[in-house]
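Below is one structure, written out as structure tokens; comments come after it.
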Amino acid sequence: MAKSIPKIGSLKTGRIGSRKHPRKIPKGVIYIQASFNNTIVTVTDVGGRVIYWFSAGSCGFKGTRRGTPFAASTTAGNAIRTVIDQGMQQVDVRIKGPGLGRDAALKTIVKTISRTRSRIRFKFIRDVTPLPHNGCRAPKKRRV
């Protein structure tokens, strides 16, 4: 008789901790990916494991409104509230992309932290947008 395949995340696989109680993570990284169509905010621990993620679409915005600065600030506000509830004390912020929500998301994070008087310190705020060093060839000129 063949062995049954254990479920991932069950008690048999040795999952430690409870899902009902939030994890206490002292240091973390917030990634803001701002494209023209959407803004995605991901909260990870230092090792890179995702704790939470939020996007403008998951916050209730649909269509072209997902790419607006207001949608980005709402998304970043939801993310930073969960970070404060987690008990994070030190945060790195990495911003990527050319979208409209870059500045709005960053302003919301800084304002929320200063307004709530939480003891979260910024280690650094870094722009990690990839820049080509004369990479791909540009498309040929359009003839009309």
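Each chain in the structure tokens gets a letter, A, B and so on, in the order shown; residues start at 1 in every chain, and ligands are counted from 1 in the order they appear.
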Review point. Hey, what's within 12 Å of stretch 121-132 of chain A if we count only C-alpha atoms and toss same-chain stuff fewer than 6 positions away? As number ranges by chain, please?
Key: A: 26-35, 84, 87-99, 102-103, 106-107, 109-110, 113-114, 138
Practice item. Figure out the distance between atom CA of A:Ile51 and atom CA of A:Ala71, please, to one decimal in Å. Key: 21.0 Å
Practice item. Between A:Tyr52, A:Phe70, A:Phe61, A:Phe36, single out the one closest to A:Asp85, counting only C-alpha atoms. Key: A:Tyr52
Exercise for review: Between A:Ser73, A:Thr116, A:Thr44, A:Thr39, single out the one closest to A:Ser58, counting only C-alpha atoms.
Suggested key: A:Thr39
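Interatomic distance, atom CA of A:Arg49 against atom CA of A:Ile25: 11.4 Å.
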Exercise for review: Enumerate, as a PyMOL selection string, the complete set of residues in chain A that a backbone-based DSSP assignment places in strand (DSSP E).
Suggested key: chain A and resi 27-34+39-45+50-55+90-96+121-127
May I have the selected residues written with N, CA and C atoms, as a compact mmCIF listing (two decimals), in the first residue's frame?
# COMPACT_ATOMS: atom_id res chain seq x y z
N LYS A 27 12.50 43.13 11.95
CA LYS A 27 13.05 43.84 10.80
C LYS A 27 12.36 43.35 9.54
N GLY A 28 12.14 44.27 8.60
CA GLY A 28 11.48 43.88 7.37
C GLY A 28 11.84 44.79 6.21
N VAL A 29 11.35 44.41 5.04
CA VAL A 29 11.59 45.16 3.81
C VAL A 29 10.24 45.41 3.15
N ILE A 30 10.01 46.65 2.71
CA ILE A 30 8.79 46.98 1.98
C ILE A 30 9.19 47.28 0.55
N TYR A 31 8.64 46.52 -0.38
CA TYR A 31 8.89 46.72 -1.80
C TYR A 31 7.67 47.41 -2.41
N ILE A 32 7.89 48.52 -3.11
CA ILE A 32 6.82 49.22 -3.81
C ILE A 32 7.12 49.11 -5.29
N GLN A 33 6.25 48.42 -6.01
CA GLN A 33 6.41 48.30 -7.45
C GLN A 33 5.30 49.10 -8.11
N ALA A 34 5.67 50.22 -8.72
CA ALA A 34 4.69 51.13 -9.28
C ALA A 34 4.79 51.09 -10.80
N THR A 39 -0.19 49.40 -8.67
CA THR A 39 0.85 49.57 -7.66
C THR A 39 0.77 48.38 -6.72
N ILE A 40 1.89 47.70 -6.53
CA ILE A 40 1.94 46.51 -5.68
C ILE A 40 2.90 46.79 -4.54
N VAL A 41 2.45 46.58 -3.32
CA VAL A 41 3.28 46.78 -2.13
C VAL A 41 3.44 45.42 -1.46
N THR A 42 4.69 44.98 -1.31
CA THR A 42 4.98 43.68 -0.71
C THR A 42 5.80 43.89 0.55
N VAL A 43 5.40 43.23 1.62
CA VAL A 43 6.12 43.30 2.90
C VAL A 43 6.78 41.96 3.13
N THR A 44 8.11 41.96 3.28
CA THR A 44 8.84 40.71 3.51
C THR A 44 9.69 40.84 4.77
N ASP A 45 10.18 39.71 5.23
CA ASP A 45 11.16 39.76 6.30
C ASP A 45 12.54 39.95 5.65
N VAL A 50 7.76 36.43 1.95
CA VAL A 50 6.65 37.38 1.91
C VAL A 50 5.76 37.19 3.12
N ILE A 51 5.46 38.30 3.80
CA ILE A 51 4.55 38.28 4.94
C ILE A 51 3.17 38.72 4.48
N TYR A 52 3.11 39.86 3.83
CA TYR A 52 1.86 40.38 3.29
C TYR A 52 2.14 41.02 1.94
N TRP A 53 1.12 41.10 1.12
CA TRP A 53 1.21 41.89 -0.10
C TRP A 53 -0.13 42.55 -0.34
N PHE A 54 -0.08 43.71 -0.93
CA PHE A 54 -1.28 44.47 -1.26
C PHE A 54 -1.09 45.04 -2.66
N SER A 55 -2.17 45.12 -3.40
CA SER A 55 -2.13 45.80 -4.69
C SER A 55 -3.34 46.70 -4.77
N GLN A 90 12.29 48.10 12.42
CA GLN A 90 13.22 48.63 11.43
C GLN A 90 12.76 48.19 10.04
N VAL A 91 12.68 49.16 9.11
CA VAL A 91 12.12 48.89 7.79
C VAL A 91 13.04 49.44 6.72
N ASP A 92 13.27 48.65 5.69
CA ASP A 92 13.93 49.11 4.47
C ASP A 92 12.84 49.29 3.41
N VAL A 93 12.90 50.37 2.65
CA VAL A 93 11.91 50.61 1.60
C VAL A 93 12.64 50.60 0.27
N ARG A 94 12.13 49.80 -0.67
CA ARG A 94 12.71 49.74 -2.01
C ARG A 94 11.62 50.03 -3.02
N ILE A 95 11.86 51.04 -3.84
CA ILE A 95 10.87 51.50 -4.80
C ILE A 95 11.34 51.13 -6.20
N LYS A 96 10.39 50.61 -7.00
CA LYS A 96 10.75 50.16 -8.34
C LYS A 96 9.64 50.55 -9.31
N ARG A 121 11.90 52.60 12.45
CA ARG A 121 13.00 53.38 11.88
C ARG A 121 13.21 52.95 10.44
N PHE A 122 13.52 53.90 9.60
CA PHE A 122 13.88 53.60 8.23
C PHE A 122 15.38 53.38 8.17
N LYS A 123 15.79 52.20 7.72
CA LYS A 123 17.21 51.98 7.54
C LYS A 123 17.66 52.69 6.28
N PHE A 124 16.92 52.49 5.18
CA PHE A 124 17.17 53.26 3.97
C PHE A 124 15.93 53.22 3.09
N ILE A 125 15.86 54.20 2.20
CA ILE A 125 14.84 54.24 1.16
C ILE A 125 15.61 54.25 -0.15
N ARG A 126 15.44 53.20 -0.94
CA ARG A 126 16.29 53.01 -2.11
C ARG A 126 15.44 52.84 -3.37
N ASP A 127 15.90 53.44 -4.45
CA ASP A 127 15.25 53.26 -5.75
C ASP A 127 15.98 52.14 -6.48
**Study point:** Point-to-point distance from atom CA of A:Ile120 to atom CA of A:Thr75, Å rounded to tenths
**Key:** 18.7 Å
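Nearest residue to A:Lys111 among A:Cys136, A:Val46, A:Val144, A:Ala76 is A:Ala76, counting only C-alpha atoms.
Of the residues under consideration (A:Gly63, A:Gly48, A:Gly77, A:Gly57), A:Gly77 shows the shortest atom-to-atom contact distance to A:Thr112 when counting only C-alpha atoms.
The closest residue to A:Arg66, picked from A:Val83, A:His133, A:Asn38, A:Asn78 and counting only C-alpha atoms, is A:Asn38.
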All helix (DSSP H, G or I) positions in chain A, as a CSV table (one decimal) with C-alpha atoms, in the first residue's frame:
chain,number,residue,atom,x,y,z
A,11,LEU,CA,0.6,19.7,11.6
A,12,LYS,CA,2.2,16.5,10.3
A,13,THR,CA,4.8,18.5,8.3
A,63,GLY,CA,-9.6,49.5,-14.4
A,64,THR,CA,-7.6,52.6,-15.0
A,65,ARG,CA,-8.1,53.8,-11.4
A,66,ARG,CA,-5.5,51.3,-10.2
A,67,GLY,CA,-2.7,53.3,-11.7
A,69,PRO,CA,-1.7,58.1,-7.0
A,70,PHE,CA,-4.8,57.8,-4.7
A,71,ALA,CA,-4.9,54.0,-5.3
A,72,ALA,CA,-1.2,53.8,-4.5
A,73,SER,CA,-1.5,55.7,-1.3
A,74,THR,CA,-4.5,53.6,-0.2
A,75,THR,CA,-2.5,50.4,-0.9
A,76,ALA,CA,0.6,51.7,1.0
A,77,GLY,CA,-1.6,52.8,3.9
A,78,ASN,CA,-3.0,49.3,4.2
A,79,ALA,CA,0.4,47.8,4.1
A,80,ILE,CA,2.0,50.1,6.7
A,81,ARG,CA,-0.9,49.5,9.1
A,82,THR,CA,-0.3,45.7,9.0
A,83,VAL,CA,3.5,46.4,9.5
A,84,ILE,CA,2.7,48.4,12.6
A,85,ASP,CA,0.5,45.6,13.9
A,86,GLN,CA,3.2,43.1,13.3
A,101,GLY,CA,2.1,55.9,-7.5
A,102,ARG,CA,5.8,56.0,-6.5
A,103,ASP,CA,5.8,59.3,-4.6
A,104,ALA,CA,2.3,58.9,-3.3
A,105,ALA,CA,3.0,55.5,-1.8
A,106,LEU,CA,6.2,56.7,-0.2
A,107,LYS,CA,4.6,59.9,1.2
A,108,THR,CA,1.8,57.8,2.7
A,109,ILE,CA,4.3,55.4,4.4
A,110,VAL,CA,6.3,58.3,6.0
A,111,LYS,CA,3.2,60.2,7.1
A,112,THR,CA,1.5,57.2,8.6
A,113,ILE,CA,4.6,56.2,10.6
A,114,SER,CA,5.0,59.8,11.9
A,115,ARG,CA,1.3,60.2,12.6
A,116,THR,CA,0.9,57.0,14.6
